[in-house]
Each structure stands twice: as C-alpha cells, then as structure tokens.
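**Student:** Structure provided below as structure tokens; questions to follow.
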Amino acid sequence: MNIAIAQIRSIKGNITANTAKHKVLIELAVANDAAAIFFPELSLTGYEPTLAAALATNTDDPLFNTFQEISNMHRITIGLGMPIKSADGIHISMIVLQPNTPIQVYSKQQLHEDETPYFVSGKEQLMLQVQQQKIAPAICYESLQWNHSENAHQLGAAIYIASVAKPQKGIDKAMLHFPAVARRFSMPVFMANGVGPCDDFISAGQSAVFTKSGAVAGQLDDQNEGILIFDTEKEITTGIVYSDTN
C-alpha cells in the first residue's frame, strides 16, 4: 500500500487558496497510486490559533464536498487539517474523507499550553481502516507524548500518522522521538509538516517517514511543497516536489 503525506505552504486564513493547493497535491498522490494522503496540522487555514474561532466550521460545510467527490472517484483516503466547532468550543481537527463513507473527525486530545486559550481537547482516538490496515492519526504536540502512541498501539494501530506544525526546534525533537516510537511498536511513523510562516514561527518542513525499525525511509527539504509517498510493503519512499512558486 502507498501512503502519502503532503508538505504544504498554507496561506494565512485563505481557505480558498489553500483548498486549491490541497487539490493539486491530492492529484499528485492519485497519479502515484496512493491509497491515502494526510496533510499538516490545520492545513486548510494555516496554523493560526488567533484566527481559529473566525475560521472554524462544521462537518456539513460544503467545503468538504469536493474532497469527498475526489475520495469517491479515486478511492483515496484524505486527511485535512481544519478547526472544527463543537458544543464545548473549537477543536484542532483532522477531517477524514474516505470513499463513499460519512465524514470522520479526529480532534487533538492533548493540547500544548499555548493552545488552551483558543482550543478545547478532543475526547477519543480515531482509528482509520485503509486496505485492512489500522491507521492512528496524531496531531503535533500529542504525537511527542509517549502515552498517545502507546494508546494507538494498544488499539491495534499498524501505522501512525503525525500531522504537525513544527519549527526547527520541534523537528529536532521529532527526529529523535518518532524513530523510537517506530522501533518500540514496530510500526511506520509518518510526519507531515508545513513550510513557511504560521502563527509566530516558521514551519520547518522536513516531512518524513520512518520504517518499523526506526530508519528514515525518506524526507523532504525545509523549503519546498510536495508529497512523500511510502510503500508499506517495500519500505521505500518517493518524493515529489510541487513546482508552483506560489
């Protein structure tokens, strides 16, 4: 099975422009026989906590219809980053579209202290099924906490997807932690990061995939948008740079 992660330069608060970019990267994944593609944290709005309340939406937003149509047509699972409203407040969420399936939502369960003024925590772990493989999504800060990956493993996860928005300091931590997670639980770990300005930092890219043994199977650079595709059987990656200069 081929699984893709996207590295995108989201434009602050510009959902329309970001949607167009998402579609291009999804098309690249489809052209390369990916069964799934996952985007960075809050990819459709950019990681902008101060704007989240104004940009947040619900799962019945027509915004997601086109992505559902793409999923249906190409039999691809799509994970998008978006702030989502709930009765409790605003969540940092991953919207998941699967072929001919109702929309699923995974909301970040463990927030960084800087996020608590703007967001509320999710309540439970979503487990996705893609070609008989169980996939556990994680969102940024919580993906660096051992109890999150431990719980995913106990729930039967075969693959761990970290959707993140990390500066270089966070990437340095991730490059130590994720290989250890992969080795401990014998499951590939994916890290989808953005590039460019967001909130009060610069996302440092370097999206990567780690094999079950903790080796770096492939990694993108710190500047360019693109996708990284991992063949879970052969444990090899293909990196594709998105050439638009934006």
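Ligands are numbered from 1 in the order shown, residues from 1 within each chain, and chains are lettered A, B, ... in the order they appear in the structure tokens.
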Env of range 105-117 of chain A: 10 Å cut, atoms = only C-alpha atoms, seq-sep filter 4 positions within chain, self excluded. Answer as a JSON list (two decimals) with C-alpha atoms, in the first residue's frame.

**Tutor:**
```
[["chain", "number", "residue", "atom", "x", "y", "z"],
["A", 41, "GLU", "CA", -1.97, 20.45, 11.25],
["A", 49, "PRO", "CA", -4.73, 29.95, 16.65],
["A", 50, "THR", "CA", -5.83, 33.58, 16.93],
["A", 59, "THR", "CA", -18.51, 18.83, 9.07],
["A", 79, "GLY", "CA", -6.87, 13.74, 5.91],
["A", 80, "LEU", "CA", -7.24, 17.54, 6.06],
["A", 81, "GLY", "CA", -6.39, 19.97, 8.87],
["A", 82, "MET", "CA", -9.23, 22.30, 9.96],
["A", 83, "PRO", "CA", -10.57, 23.99, 13.13],
["A", 84, "ILE", "CA", -13.94, 22.43, 13.91],
["A", 90, "ILE", "CA", -13.11, 24.90, 18.89],
["A", 91, "HIS", "CA", -11.08, 21.76, 18.16],
["A", 92, "ILE", "CA", -7.82, 21.31, 16.26],
["A", 93, "SER", "CA", -9.13, 18.63, 13.95],
["A", 94, "MET", "CA", -8.29, 16.33, 11.09],
["A", 95, "ILE", "CA", -11.20, 15.86, 8.71],
["A", 96, "VAL", "CA", -11.03, 12.42, 7.12],
["A", 97, "LEU", "CA", -12.74, 11.64, 3.82],
["A", 121, "SER", "CA", -9.31, 18.98, 23.67],
["A", 122, "GLY", "CA", -10.77, 16.09, 21.73],
["A", 123, "LYS", "CA", -12.19, 13.14, 23.63],
["A", 124, "GLU", "CA", -11.08, 9.95, 21.89],
["A", 125, "GLN", "CA", -8.71, 8.33, 19.42],
["A", 126, "LEU", "CA", -9.94, 7.77, 15.88],
["A", 127, "MET", "CA", -8.77, 4.58, 14.20],
["A", 128, "LEU", "CA", -8.91, 4.52, 10.41],
["A", 136, "ALA", "CA", -3.91, 6.12, 14.06],
["A", 137, "PRO", "CA", -3.77, 9.88, 13.45],
["A", 138, "ALA", "CA", -1.97, 12.17, 15.88],
["A", 139, "ILE", "CA", -1.76, 15.96, 15.83],
["A", 140, "CYS", "CA", 1.51, 17.73, 16.65],
["A", 141, "TYR", "CA", 2.18, 18.15, 20.42],
["A", 142, "GLU", "CA", 0.45, 14.93, 21.44],
["A", 143, "SER", "CA", 2.48, 12.93, 18.91],
["A", 145, "GLN", "CA", 3.92, 12.23, 24.17],
["A", 148, "HIS", "CA", -0.51, 8.83, 22.80]]
```

**Student:** Which neighbours of range 4-11 of chain A fall inside 7 Å, counting only C-alpha atoms, when residues of the same chain fewer than 2 positions from it are skipped, and could you give them as a CSV table (one decimal) with C-alpha atoms, in the first residue's frame?

**Tutor:**
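Once everything was written out, this is part03.csv:
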```csv
chain,number,residue,atom,x,y,z
A,2,ASN,CA,1.2,3.5,-0.8
A,13,GLY,CA,-6.5,32.3,6.7
A,14,ASN,CA,-7.0,31.9,3.0
A,18,ASN,CA,-5.3,26.6,0.4
A,25,LEU,CA,-1.2,17.7,-4.0
A,29,ALA,CA,-0.9,11.4,-4.8
A,34,ALA,CA,-1.6,6.4,-3.2
A,36,ALA,CA,-4.3,7.8,1.3
A,37,ILE,CA,-2.8,11.3,1.8
A,38,PHE,CA,-2.5,13.2,5.0
A,39,PHE,CA,-1.9,17.0,5.4
A,40,PRO,CA,-0.2,19.0,8.2
A,43,SER,CA,-3.6,22.9,6.7
A,44,LEU,CA,-6.7,24.4,5.2
A,45,THR,CA,-6.5,27.6,7.3
A,46,GLY,CA,-2.8,27.6,8.3
A,192,ALA,CA,3.5,15.7,7.7
A,193,ASN,CA,4.8,19.3,8.4
A,194,GLY,CA,4.2,22.6,6.6
A,195,VAL,CA,6.7,25.1,5.3
A,196,GLY,CA,6.7,28.9,5.7
A,205,GLY,CA,9.2,21.3,6.6
A,207,SER,CA,8.3,15.9,6.5
A,225,GLU,CA,6.0,22.0,-1.1
A,226,GLY,CA,5.4,18.4,-2.2
A,227,ILE,CA,4.4,14.9,-1.2
A,228,LEU,CA,6.3,12.0,0.2
A,229,ILE,CA,4.9,8.5,-0.7
A,230,PHE,CA,5.8,5.4,1.3
```

**Student:** Please list as an MDAnalysis selection string every residue within 8 Å of Ala158 in chain A, counting only C-alpha atoms and excluding residues in the same chain fewer than 2 positions away.

**Tutor:** chainID A and resid 133:136 153 156 160 187:188

**Student:** Could you find all residues in range 10-245 of chain A that DSSP calls strand (DSSP E) from the backbone, and write them as number ranges by chain?

**Tutor:** A: 36-38, 77-85, 90-97, 104-107, 128-130, 133-139, 159-163, 189-192, 195-198, 201-204, 208-210, 216-219, 226-231, 236-241

**Student:** For Trp146 in chain A, list every protein, DNA or RNA residue within 12 Å, evaluated using only C-alpha atoms, and leave out those in the same chain fewer than 6 positions away; present the list as a list in words.

**Tutor:** Gln110, Ala138, Ala152, His153, His177, Phe178, Ala180, Val181, Ala182, Arg184 and Phe185 of chain A

**Student:** I'd like to know which of A:Val24, A:Leu176, A:Leu51, A:Met1 is closest to Tyr242 in chain A, using only C-alpha atoms.

**Tutor:**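 Looking only at the distances to Tyr242 in chain A, the closest residue turns out to be A:Val24.
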
**Student:** Separation of CA of Ala87 in chain A and CA of Asn147 in chain A, in Å?

**Tutor:**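 Here the two named atoms are 26.4 Å from each other.
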
**Student:** Return the single residue from A:Ile236, A:His74, A:Glu150, A:Asn65 that is closest to Ala31 in chain A, with distances computed using only C-alpha atoms.

**Tutor:**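 Checking each candidate against Ala31 in chain A, we get A:His74 as the closest.
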
**Student:** Using CA of Val120 in chain A and CA of Gly89 in chain A as the two end points, give the distance in Å to one decimal.

**Tutor:**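 Here the two named atoms are 5.8 Å from each other.
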
**Student:** From the options A:Ser186, A:Gln131, A:Thr237, A:Ser86, which residue's atoms come nearest to Gln98 in chain A, counting only C-alpha atoms?

**Tutor:**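 Under the stated criterion, the closest residue is A:Gln131.
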
**Student:** For CA of Pro102 in chain A and CA of Leu155 in chain A, determine how far apart the two atoms are, in Å to one decimal place.

**Tutor:**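 Straight-line distance from CA of Pro102 in chain A to CA of Leu155 in chain A works out to 21.7 Å.
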
**Student:** To test your reading of the structure, identify every residue in range 5-238 of chain A that backbone DSSP assigns to alpha helix (DSSP H), and report it as number ranges by chain.

**Tutor:** A: 15-31, 52-55, 63-74, 146-154, 168-185
